[in-house]
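Below: final-v1.pdb (PDB, C-alpha atoms, pLDDT in the B column)
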```pdb
ATOM      1  CA  MET A 434     -44.113 -27.372 -53.388  1.00 49.00           C
ATOM      2  CA  LYS A 435     -40.979 -28.751 -55.049  1.00 49.00           C
ATOM      3  CA  HIS A 436     -39.960 -25.220 -56.042  1.00 45.00           C
ATOM      4  CA  THR A 437     -40.422 -23.962 -52.449  1.00 45.00           C
ATOM      5  CA  PHE A 438     -38.298 -26.814 -51.099  1.00 38.00           C
ATOM      6  CA  SER A 439     -35.516 -26.004 -53.602  1.00 44.00           C
ATOM      7  CA  ILE A 440     -35.528 -22.351 -52.576  1.00 42.00           C
ATOM      8  CA  ALA A 441     -35.410 -23.295 -48.879  1.00 42.00           C
ATOM      9  CA  CYS A 442     -32.465 -25.654 -49.468  1.00 40.00           C
ATOM     10  CA  ALA A 443     -30.579 -23.024 -51.480  1.00 43.00           C
ATOM     11  CA  LEU A 444     -31.172 -20.400 -48.795  1.00 39.00           C
ATOM     12  CA  THR A 445     -30.005 -22.740 -46.011  1.00 43.00           C
ATOM     13  CA  LEU A 446     -26.849 -23.661 -47.938  1.00 42.00           C
ATOM     14  CA  SER A 447     -26.009 -20.040 -48.700  1.00 44.00           C
ATOM     15  CA  LEU A 448     -26.441 -19.058 -45.035  1.00 40.00           C
ATOM     16  CA  ALA A 449     -24.203 -21.906 -43.910  1.00 43.00           C
ATOM     17  CA  LEU A 450     -21.513 -20.955 -46.409  1.00 42.00           C
ATOM     18  CA  ALA A 451     -21.758 -17.318 -45.380  1.00 43.00           C
ATOM     19  CA  ALA A 452     -21.168 -18.315 -41.748  1.00 46.00           C
ATOM     20  CA  CYS A 453     -17.980 -20.178 -42.684  1.00 48.00           C
ATOM     21  CA  GLY A 454     -16.605 -17.240 -44.622  1.00 48.00           C
ATOM     22  CA  GLN A 455     -16.873 -14.617 -41.889  1.00 47.00           C
ATOM     23  CA  PRO A 456     -13.789 -13.425 -40.056  1.00 46.00           C
ATOM     24  CA  ALA A 457     -13.636 -14.944 -36.593  1.00 43.00           C
ATOM     25  CA  ASP A 458     -12.020 -11.997 -34.878  1.00 44.00           C
ATOM     26  CA  ASP A 459     -14.358  -9.101 -34.162  1.00 42.00           C
ATOM     27  CA  SER A 460     -11.607  -7.006 -32.603  1.00 42.00           C
ATOM     28  CA  ASP A 461     -10.961  -5.242 -35.923  1.00 40.00           C
ATOM     29  CA  THR A 462     -14.477  -3.786 -35.862  1.00 39.00           C
ATOM     30  CA  ALA A 463     -14.476  -2.609 -32.245  1.00 41.00           C
ATOM     31  CA  PRO A 464     -14.812   1.157 -31.801  1.00 42.00           C
ATOM     32  CA  ALA A 465     -11.662   3.009 -30.924  1.00 44.00           C
ATOM     33  CA  ALA A 466     -11.261   3.696 -27.237  1.00 44.00           C
ATOM     34  CA  THR A 467     -11.260   7.282 -26.079  1.00 47.00           C
ATOM     35  CA  ALA A 468      -8.090   8.607 -24.546  1.00 46.00           C
ATOM     36  CA  ALA A 469      -7.978   8.359 -20.777  1.00 47.00           C
ATOM     37  CA  PRO A 470      -5.812  10.463 -18.501  1.00 48.00           C
ATOM     38  CA  GLU A 471      -2.348   9.055 -17.999  1.00 55.00           C
ATOM     39  CA  ALA A 472      -1.968   6.979 -14.820  1.00 49.00           C
ATOM     40  CA  THR A 473       1.176   6.545 -12.808  1.00 48.00           C
ATOM     41  CA  PRO A 474       2.858   3.112 -12.828  1.00 46.00           C
ATOM     42  CA  ALA A 475       1.813   2.583  -9.211  1.00 48.00           C
ATOM     43  CA  GLU A 476      -1.849   3.157 -10.149  1.00 47.00           C
ATOM     44  CA  THR A 477      -1.784   0.763 -13.084  1.00 46.00           C
ATOM     45  CA  ALA A 478       0.414  -2.100 -11.836  1.00 48.00           C
ATOM     46  CA  ALA A 479      -2.057  -3.842  -9.548  1.00 47.00           C
ATOM     47  CA  PRO A 480      -5.179  -3.534 -11.758  1.00 51.00           C
ATOM     48  CA  ALA A 481      -3.296  -4.707 -14.853  1.00 53.00           C
ATOM     49  CA  THR A 482      -1.921  -7.682 -12.968  1.00 58.00           C
ATOM     50  CA  ASP A 483      -5.369  -8.493 -11.585  1.00 65.00           C
ATOM     51  CA  ALA A 484      -6.941  -8.195 -15.028  1.00 55.00           C
ATOM     52  CA  ALA A 485      -4.303 -10.467 -16.565  1.00 54.00           C
ATOM     53  CA  ALA A 486      -4.735 -13.009 -13.779  1.00 55.00           C
ATOM     54  CA  ASP A 487      -8.535 -12.916 -14.161  1.00 56.00           C
ATOM     55  CA  ALA A 488      -8.253 -13.387 -17.927  1.00 54.00           C
ATOM     56  CA  ALA A 489      -5.864 -16.309 -17.483  1.00 57.00           C
ATOM     57  CA  GLN A 490      -8.220 -17.894 -14.952  1.00 57.00           C
ATOM     58  CA  ASP A 491     -11.215 -17.435 -17.268  1.00 60.00           C
ATOM     59  CA  THR A 492      -9.283 -18.961 -20.177  1.00 62.00           C
ATOM     60  CA  ALA A 493      -8.149 -21.920 -18.082  1.00 66.00           C
ATOM     61  CA  ALA A 494     -11.715 -22.521 -16.871  1.00 61.00           C
ATOM     62  CA  ALA A 495     -13.062 -22.366 -20.436  1.00 61.00           C
ATOM     63  CA  VAL A 496     -10.393 -24.779 -21.687  1.00 64.00           C
ATOM     64  CA  ASP A 497     -11.148 -27.162 -18.794  1.00 69.00           C
ATOM     65  CA  ALA A 498     -14.868 -27.032 -19.627  1.00 57.00           C
ATOM     66  CA  ALA A 499     -14.152 -27.730 -23.299  1.00 58.00           C
ATOM     67  CA  ALA A 500     -11.863 -30.623 -22.374  1.00 61.00           C
ATOM     68  CA  ALA A 501     -14.729 -32.053 -20.317  1.00 65.00           C
ATOM     69  CA  GLY A 502     -16.913 -32.073 -23.432  1.00 74.00           C
ATOM     70  CA  LYS A 503     -18.749 -28.766 -22.958  1.00 87.00           C
ATOM     71  CA  GLU A 504     -19.006 -27.118 -26.360  1.00 94.00           C
ATOM     72  CA  PRO A 505     -17.294 -23.699 -26.328  1.00 95.00           C
ATOM     73  CA  VAL A 506     -19.070 -20.683 -27.797  1.00 95.00           C
ATOM     74  CA  ALA A 507     -16.343 -20.317 -30.450  1.00 95.00           C
ATOM     75  CA  PHE A 508     -17.272 -23.768 -31.786  1.00 96.00           C
ATOM     76  CA  LEU A 509     -20.566 -22.352 -33.125  1.00 95.00           C
ATOM     77  CA  GLN A 510     -18.603 -21.163 -36.161  1.00 94.00           C
ATOM     78  CA  CYS A 511     -17.404 -24.723 -36.760  1.00 95.00           C
ATOM     79  CA  LYS A 512     -20.906 -26.166 -36.435  1.00 95.00           C
ATOM     80  CA  ALA A 513     -22.055 -24.144 -39.440  1.00 95.00           C
ATOM     81  CA  CYS A 514     -20.174 -26.624 -41.638  1.00 96.00           C
ATOM     82  CA  HIS A 515     -19.142 -29.555 -39.405  1.00 97.00           C
ATOM     83  CA  SER A 516     -20.935 -32.177 -37.335  1.00 97.00           C
ATOM     84  CA  THR A 517     -19.663 -33.778 -34.139  1.00 96.00           C
ATOM     85  CA  LYS A 518     -21.529 -37.012 -34.808  1.00 96.00           C
ATOM     86  CA  PRO A 519     -19.344 -39.828 -36.168  1.00 95.00           C
ATOM     87  CA  GLY A 520     -19.894 -40.347 -39.888  1.00 96.00           C
ATOM     88  CA  GLU A 521     -22.225 -37.359 -40.315  1.00 97.00           C
ATOM     89  CA  MET A 522     -20.847 -35.192 -43.098  1.00 97.00           C
ATOM     90  CA  LYS A 523     -22.060 -31.682 -43.839  1.00 96.00           C
ATOM     91  CA  ILE A 524     -20.293 -29.092 -45.978  1.00 96.00           C
ATOM     92  CA  GLY A 525     -17.177 -30.226 -44.130  1.00 97.00           C
ATOM     93  CA  PRO A 526     -16.284 -33.580 -42.569  1.00 97.00           C
ATOM     94  CA  SER A 527     -17.428 -34.789 -39.162  1.00 97.00           C
ATOM     95  CA  LEU A 528     -15.053 -33.639 -36.433  1.00 97.00           C
ATOM     96  CA  ALA A 529     -15.847 -36.593 -34.171  1.00 96.00           C
ATOM     97  CA  GLY A 530     -12.574 -38.348 -33.447  1.00 95.00           C
ATOM     98  CA  VAL A 531     -10.558 -36.022 -35.695  1.00 96.00           C
ATOM     99  CA  TYR A 532      -7.928 -35.271 -33.028  1.00 97.00           C
ATOM    100  CA  GLY A 533      -4.854 -37.424 -33.615  1.00 97.00           C
ATOM    101  CA  THR A 534      -5.822 -38.468 -37.159  1.00 97.00           C
ATOM    102  CA  LYS A 535      -4.007 -37.659 -40.369  1.00 97.00           C
ATOM    103  CA  ALA A 536      -5.494 -34.821 -42.415  1.00 97.00           C
ATOM    104  CA  GLY A 537      -7.728 -35.940 -45.256  1.00 96.00           C
ATOM    105  CA  GLU A 538      -8.289 -39.476 -43.971  1.00 94.00           C
ATOM    106  CA  ILE A 539     -11.783 -39.347 -42.436  1.00 94.00           C
ATOM    107  CA  PRO A 540     -13.832 -41.909 -44.373  1.00 94.00           C
ATOM    108  CA  GLY A 541     -16.894 -40.675 -46.232  1.00 95.00           C
ATOM    109  CA  TYR A 542     -15.730 -37.154 -47.043  1.00 96.00           C
ATOM    110  CA  GLN A 543     -14.291 -35.875 -50.330  1.00 96.00           C
ATOM    111  CA  PHE A 544     -11.209 -33.919 -49.223  1.00 97.00           C
ATOM    112  CA  SER A 545      -9.237 -31.584 -51.473  1.00 97.00           C
ATOM    113  CA  THR A 546      -6.046 -32.959 -52.954  1.00 97.00           C
ATOM    114  CA  ALA A 547      -4.146 -30.312 -50.983  1.00 97.00           C
ATOM    115  CA  MET A 548      -5.565 -31.595 -47.684  1.00 97.00           C
ATOM    116  CA  LYS A 549      -4.944 -35.256 -48.536  1.00 97.00           C
ATOM    117  CA  GLU A 550      -1.347 -34.496 -49.514  1.00 97.00           C
ATOM    118  CA  SER A 551      -0.627 -32.087 -46.616  1.00 98.00           C
ATOM    119  CA  GLY A 552       0.955 -34.762 -44.394  1.00 97.00           C
ATOM    120  CA  LEU A 553      -0.556 -33.112 -41.311  1.00 98.00           C
ATOM    121  CA  THR A 554      -1.648 -34.920 -38.155  1.00 98.00           C
ATOM    122  CA  TRP A 555      -4.275 -33.127 -36.074  1.00 98.00           C
ATOM    123  CA  ASP A 556      -2.488 -32.494 -32.766  1.00 98.00           C
ATOM    124  CA  ASP A 557      -2.472 -29.353 -30.582  1.00 98.00           C
ATOM    125  CA  ALA A 558       0.269 -27.526 -32.483  1.00 98.00           C
ATOM    126  CA  THR A 559      -1.078 -28.349 -35.957  1.00 98.00           C
ATOM    127  CA  LEU A 560      -4.664 -27.487 -35.046  1.00 98.00           C
ATOM    128  CA  ASP A 561      -3.518 -24.214 -33.502  1.00 98.00           C
ATOM    129  CA  LYS A 562      -1.703 -23.183 -36.689  1.00 98.00           C
ATOM    130  CA  TYR A 563      -4.493 -24.417 -38.966  1.00 97.00           C
ATOM    131  CA  LEU A 564      -7.323 -22.781 -37.031  1.00 97.00           C
ATOM    132  CA  THR A 565      -5.388 -19.496 -37.034  1.00 98.00           C
ATOM    133  CA  ASP A 566      -5.207 -19.378 -40.845  1.00 97.00           C
ATOM    134  CA  PRO A 567      -6.345 -22.512 -42.736  1.00 97.00           C
ATOM    135  CA  LYS A 568      -5.507 -21.250 -46.228  1.00 96.00           C
ATOM    136  CA  THR A 569      -1.908 -20.459 -45.267  1.00 96.00           C
ATOM    137  CA  VAL A 570      -1.304 -23.845 -43.626  1.00 97.00           C
ATOM    138  CA  VAL A 571      -2.963 -25.833 -46.436  1.00 98.00           C
ATOM    139  CA  PRO A 572      -3.071 -23.752 -49.613  1.00 97.00           C
ATOM    140  CA  GLY A 573      -5.822 -25.187 -51.798  1.00 96.00           C
ATOM    141  CA  THR A 574      -8.002 -26.417 -48.914  1.00 96.00           C
ATOM    142  CA  LYS A 575     -11.758 -26.375 -49.522  1.00 95.00           C
ATOM    143  CA  MET A 576     -12.338 -24.792 -46.119  1.00 93.00           C
ATOM    144  CA  THR A 577     -13.446 -21.169 -46.586  1.00 92.00           C
ATOM    145  CA  PHE A 578     -13.000 -20.211 -42.932  1.00 93.00           C
ATOM    146  CA  PHE A 579     -10.792 -17.122 -42.420  1.00 93.00           C
ATOM    147  CA  GLY A 580      -9.378 -18.350 -39.134  1.00 96.00           C
ATOM    148  CA  LEU A 581      -9.858 -18.002 -35.416  1.00 96.00           C
ATOM    149  CA  LYS A 582      -7.414 -15.273 -34.402  1.00 96.00           C
ATOM    150  CA  ASP A 583      -8.117 -15.341 -30.646  1.00 97.00           C
ATOM    151  CA  GLU A 584      -5.610 -17.737 -29.025  1.00 97.00           C
ATOM    152  CA  ALA A 585      -7.844 -18.457 -26.008  1.00 96.00           C
ATOM    153  CA  LYS A 586     -10.766 -19.384 -28.264  1.00 96.00           C
ATOM    154  CA  ARG A 587      -8.524 -21.668 -30.340  1.00 97.00           C
ATOM    155  CA  LYS A 588      -7.383 -23.438 -27.163  1.00 96.00           C
ATOM    156  CA  GLU A 589     -11.024 -23.994 -26.186  1.00 96.00           C
ATOM    157  CA  VAL A 590     -11.904 -25.412 -29.608  1.00 97.00           C
ATOM    158  CA  ILE A 591      -8.838 -27.685 -29.594  1.00 97.00           C
ATOM    159  CA  ALA A 592      -9.662 -28.953 -26.085  1.00 96.00           C
ATOM    160  CA  TYR A 593     -13.216 -29.645 -27.238  1.00 96.00           C
ATOM    161  CA  LEU A 594     -12.008 -31.516 -30.344  1.00 97.00           C
ATOM    162  CA  LYS A 595      -9.795 -33.657 -28.086  1.00 95.00           C
ATOM    163  CA  SER A 596     -12.852 -34.490 -25.966  1.00 95.00           C
ATOM    164  CA  LEU A 597     -14.607 -35.829 -29.077  1.00 94.00           C
ATOM    165  CA  SER A 598     -11.905 -38.445 -29.628  1.00 89.00           C
TER     166      SER A 598
END
```
Please, can you express the file's structure as structure tokens?
Amino acid sequence: MKHTFSIACALTLSLALAACGQPADDSDTAPAATAAPEATPAETAAPATDAAADAAQDTAAAVDAAAAGKEPVAFLQCKACHSTKPGEMKIGPSLAGVYGTKAGEIPGYQFSTAMKESGLTWDDATLDKYLTDPKTVVPGTKMTFFGLKDEAKRKEVIAYLKSLS
């Protein structure tokens, strides 16, 4: 029984770590689009504008929902290693109340020296840069996440983190 429990714990930990280490942007793996016939500017102007407006509206709605405390889909990647319950540490620190704090100062978590000495404060601009590419912003961080390349998804996650404060 003890051996089975150890195997289950090891498997769970390896799956969680694997989730953190996956690239966040699936656009690199999307199949190439087939060439379509060329359209005249008059044919493409209105649909492109409509599509851009729809995308902007969808992004704004998603950010508003995240700001209201609704967990965005992109946050599932974060949950593999982080909790949103105050004081509950997992592989990474709890993200409850992290917005507005100084990096490396959440009590109860063993941060890397690089994170503690980074001098960062978790505001919109810093979170946006960090979530894009954590290892570039804080070389030596323990976080194995490759980054969230989609700007709209980052905005949703940041709005959600603000709602947890």
Polymer residues at most 12 Å from Ser516 in chain A, all atoms listed in the file, same-chain spacing of 5 or more positions, as a PyMOL selection string: chain A and resi 508-511+521-531+594+597
Step by step, work through what the PyMOL selection byres ((chain A and resi 561-565) around 9) selects in the shown file, and finish by giving those residues as JSON, numbers by chain. {"A": [556, 557, 558, 559, 560, 566, 567, 568, 569, 570, 571, 578, 579, 580, 581, 582, 583, 584, 587, 588, 591]}
Can you spit out the residues from that selection as a PDB file, keeping the file's coordinate frame, using C-alpha atoms?
```pdb
ATOM      1  CA  ASP A 556      -2.488 -32.494 -32.766  1.00 98.00           C
ATOM      2  CA  ASP A 557      -2.472 -29.353 -30.582  1.00 98.00           C
ATOM      3  CA  ALA A 558       0.269 -27.526 -32.483  1.00 98.00           C
ATOM      4  CA  THR A 559      -1.078 -28.349 -35.957  1.00 98.00           C
ATOM      5  CA  LEU A 560      -4.664 -27.487 -35.046  1.00 98.00           C
ATOM      6  CA  ASP A 566      -5.207 -19.378 -40.845  1.00 97.00           C
ATOM      7  CA  PRO A 567      -6.345 -22.512 -42.736  1.00 97.00           C
ATOM      8  CA  LYS A 568      -5.507 -21.250 -46.228  1.00 96.00           C
ATOM      9  CA  THR A 569      -1.908 -20.459 -45.267  1.00 96.00           C
ATOM     10  CA  VAL A 570      -1.304 -23.845 -43.626  1.00 97.00           C
ATOM     11  CA  VAL A 571      -2.963 -25.833 -46.436  1.00 98.00           C
ATOM     12  CA  PHE A 578     -13.000 -20.211 -42.932  1.00 93.00           C
ATOM     13  CA  PHE A 579     -10.792 -17.122 -42.420  1.00 93.00           C
ATOM     14  CA  GLY A 580      -9.378 -18.350 -39.134  1.00 96.00           C
ATOM     15  CA  LEU A 581      -9.858 -18.002 -35.416  1.00 96.00           C
ATOM     16  CA  LYS A 582      -7.414 -15.273 -34.402  1.00 96.00           C
ATOM     17  CA  ASP A 583      -8.117 -15.341 -30.646  1.00 97.00           C
ATOM     18  CA  GLU A 584      -5.610 -17.737 -29.025  1.00 97.00           C
ATOM     19  CA  ARG A 587      -8.524 -21.668 -30.340  1.00 97.00           C
ATOM     20  CA  LYS A 588      -7.383 -23.438 -27.163  1.00 96.00           C
ATOM     21  CA  ILE A 591      -8.838 -27.685 -29.594  1.00 97.00           C
TER      22      ILE A 591
END
```
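For the pair CA of Trp555 in chain A and CA of Ala536 in chain A, the separation is 6.7 Å.
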On this structure, the PyMOL selection byres ((chain A and resi 550) around 12) would catch which residues? List them as a VMD selection string, sorted by chain and number. chain A and resid 535 to 538 544 to 549 551 to 554 571 to 574
Those selected residues, please, written with C-alpha atoms and delivered as an mmCIF file, keeping the file's coordinate frame.
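This is the output file selection_1.cif:
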```
data_model
loop_
_atom_site.group_PDB
_atom_site.id
_atom_site.type_symbol
_atom_site.label_atom_id
_atom_site.label_comp_id
_atom_site.auth_asym_id
_atom_site.auth_seq_id
_atom_site.Cartn_x
_atom_site.Cartn_y
_atom_site.Cartn_z
ATOM 1 C CA LYS A 535 -4.007 -37.659 -40.369
ATOM 2 C CA ALA A 536 -5.494 -34.821 -42.415
ATOM 3 C CA GLY A 537 -7.728 -35.940 -45.256
ATOM 4 C CA GLU A 538 -8.289 -39.476 -43.971
ATOM 5 C CA PHE A 544 -11.209 -33.919 -49.223
ATOM 6 C CA SER A 545 -9.237 -31.584 -51.473
ATOM 7 C CA THR A 546 -6.046 -32.959 -52.954
ATOM 8 C CA ALA A 547 -4.146 -30.312 -50.983
ATOM 9 C CA MET A 548 -5.565 -31.595 -47.684
ATOM 10 C CA LYS A 549 -4.944 -35.256 -48.536
ATOM 11 C CA SER A 551 -0.627 -32.087 -46.616
ATOM 12 C CA GLY A 552 0.955 -34.762 -44.394
ATOM 13 C CA LEU A 553 -0.556 -33.112 -41.311
ATOM 14 C CA THR A 554 -1.648 -34.920 -38.155
ATOM 15 C CA VAL A 571 -2.963 -25.833 -46.436
ATOM 16 C CA PRO A 572 -3.071 -23.752 -49.613
ATOM 17 C CA GLY A 573 -5.822 -25.187 -51.798
ATOM 18 C CA THR A 574 -8.002 -26.417 -48.914
#
```
Report, in Å with one decimal, the straight-line distance from CA of Tyr593 in chain A to CA of Gln543 in chain A. 23.9 Å
Can you tell me how far CA of Met576 in chain A sits from CA of Pro540 in chain A, in Å to one decimal?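 Interatomic distance here is 17.3 Å.
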Name the closest residue to His515 in chain A among the candidates A:Tyr542, A:Lys503, A:Ala585, A:Thr534; distances are taken between atoms, counting all atoms listed in the file. A:Tyr542
Step by step: locate range 553-574 of chain A in the block above, keep N, CA, C and O atoms, then write the file as a short mmCIF file (atom, residue, chain, number, x, y, z; two decimals), in the first residue's frame.
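Saved the output as result01.cif:
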```cif
data_model
loop_
_atom_site.label_atom_id
_atom_site.label_comp_id
_atom_site.auth_asym_id
_atom_site.auth_seq_id
_atom_site.Cartn_x
_atom_site.Cartn_y
_atom_site.Cartn_z
N LEU A 553 10.99 43.42 -8.17
CA LEU A 553 9.73 43.61 -8.90
C LEU A 553 8.55 43.80 -7.96
O LEU A 553 8.54 43.26 -6.86
N THR A 554 7.57 44.54 -8.41
CA THR A 554 6.26 44.64 -7.75
C THR A 554 5.24 44.19 -8.78
O THR A 554 5.28 44.62 -9.93
N TRP A 555 4.34 43.31 -8.36
CA TRP A 555 3.39 42.69 -9.29
C TRP A 555 2.24 43.64 -9.63
O TRP A 555 1.19 43.60 -9.02
N ASP A 556 2.47 44.47 -10.64
CA ASP A 556 1.44 45.35 -11.19
C ASP A 556 1.15 44.90 -12.62
O ASP A 556 1.72 43.91 -13.09
N ASP A 557 0.27 45.60 -13.32
CA ASP A 557 -0.12 45.19 -14.68
C ASP A 557 1.09 45.05 -15.61
O ASP A 557 1.23 44.03 -16.29
N ALA A 558 1.93 46.07 -15.66
CA ALA A 558 3.05 46.07 -16.59
C ALA A 558 4.05 44.96 -16.27
O ALA A 558 4.53 44.25 -17.17
N THR A 559 4.37 44.79 -14.99
CA THR A 559 5.34 43.77 -14.59
C THR A 559 4.79 42.37 -14.83
O THR A 559 5.49 41.50 -15.35
N LEU A 560 3.53 42.15 -14.46
CA LEU A 560 2.93 40.84 -14.71
C LEU A 560 2.86 40.53 -16.20
O LEU A 560 3.11 39.39 -16.62
N ASP A 561 2.55 41.53 -17.01
CA ASP A 561 2.49 41.31 -18.45
C ASP A 561 3.84 40.86 -18.99
O ASP A 561 3.93 39.88 -19.73
N LYS A 562 4.91 41.54 -18.60
CA LYS A 562 6.25 41.15 -19.05
C LYS A 562 6.62 39.77 -18.51
O LYS A 562 7.14 38.93 -19.24
N TYR A 563 6.38 39.55 -17.23
CA TYR A 563 6.76 38.28 -16.60
C TYR A 563 5.99 37.10 -17.19
O TYR A 563 6.57 36.06 -17.50
N LEU A 564 4.69 37.25 -17.36
CA LEU A 564 3.90 36.15 -17.90
C LEU A 564 4.22 35.86 -19.36
O LEU A 564 4.00 34.76 -19.85
N THR A 565 4.77 36.84 -20.07
CA THR A 565 5.19 36.63 -21.46
C THR A 565 6.40 35.72 -21.51
O THR A 565 6.47 34.80 -22.32
N ASP A 566 7.36 35.94 -20.62
CA ASP A 566 8.60 35.15 -20.63
C ASP A 566 9.29 35.24 -19.25
O ASP A 566 10.18 36.04 -19.05
N PRO A 567 8.85 34.41 -18.30
CA PRO A 567 9.36 34.49 -16.93
C PRO A 567 10.88 34.40 -16.81
O PRO A 567 11.49 35.15 -16.06
N LYS A 568 11.50 33.51 -17.56
CA LYS A 568 12.94 33.29 -17.42
C LYS A 568 13.78 34.45 -17.96
O LYS A 568 14.92 34.62 -17.56
N THR A 569 13.21 35.26 -18.84
CA THR A 569 13.92 36.44 -19.32
C THR A 569 13.80 37.58 -18.31
O THR A 569 14.77 38.29 -18.07
N VAL A 570 12.63 37.73 -17.71
CA VAL A 570 12.41 38.81 -16.75
C VAL A 570 13.15 38.54 -15.44
O VAL A 570 13.73 39.45 -14.86
N VAL A 571 13.13 37.29 -14.98
CA VAL A 571 13.84 36.93 -13.75
C VAL A 571 14.70 35.69 -14.03
O VAL A 571 14.31 34.56 -13.76
N PRO A 572 15.90 35.92 -14.60
CA PRO A 572 16.78 34.78 -14.84
C PRO A 572 17.10 34.10 -13.50
O PRO A 572 17.39 34.77 -12.52
N GLY A 573 16.97 32.79 -13.47
CA GLY A 573 17.21 32.06 -12.23
C GLY A 573 15.95 31.76 -11.45
O GLY A 573 16.01 31.16 -10.37
N THR A 574 14.77 32.17 -11.96
CA THR A 574 13.52 31.86 -11.27
C THR A 574 13.31 30.35 -11.27
O THR A 574 13.78 29.64 -12.16
#
```
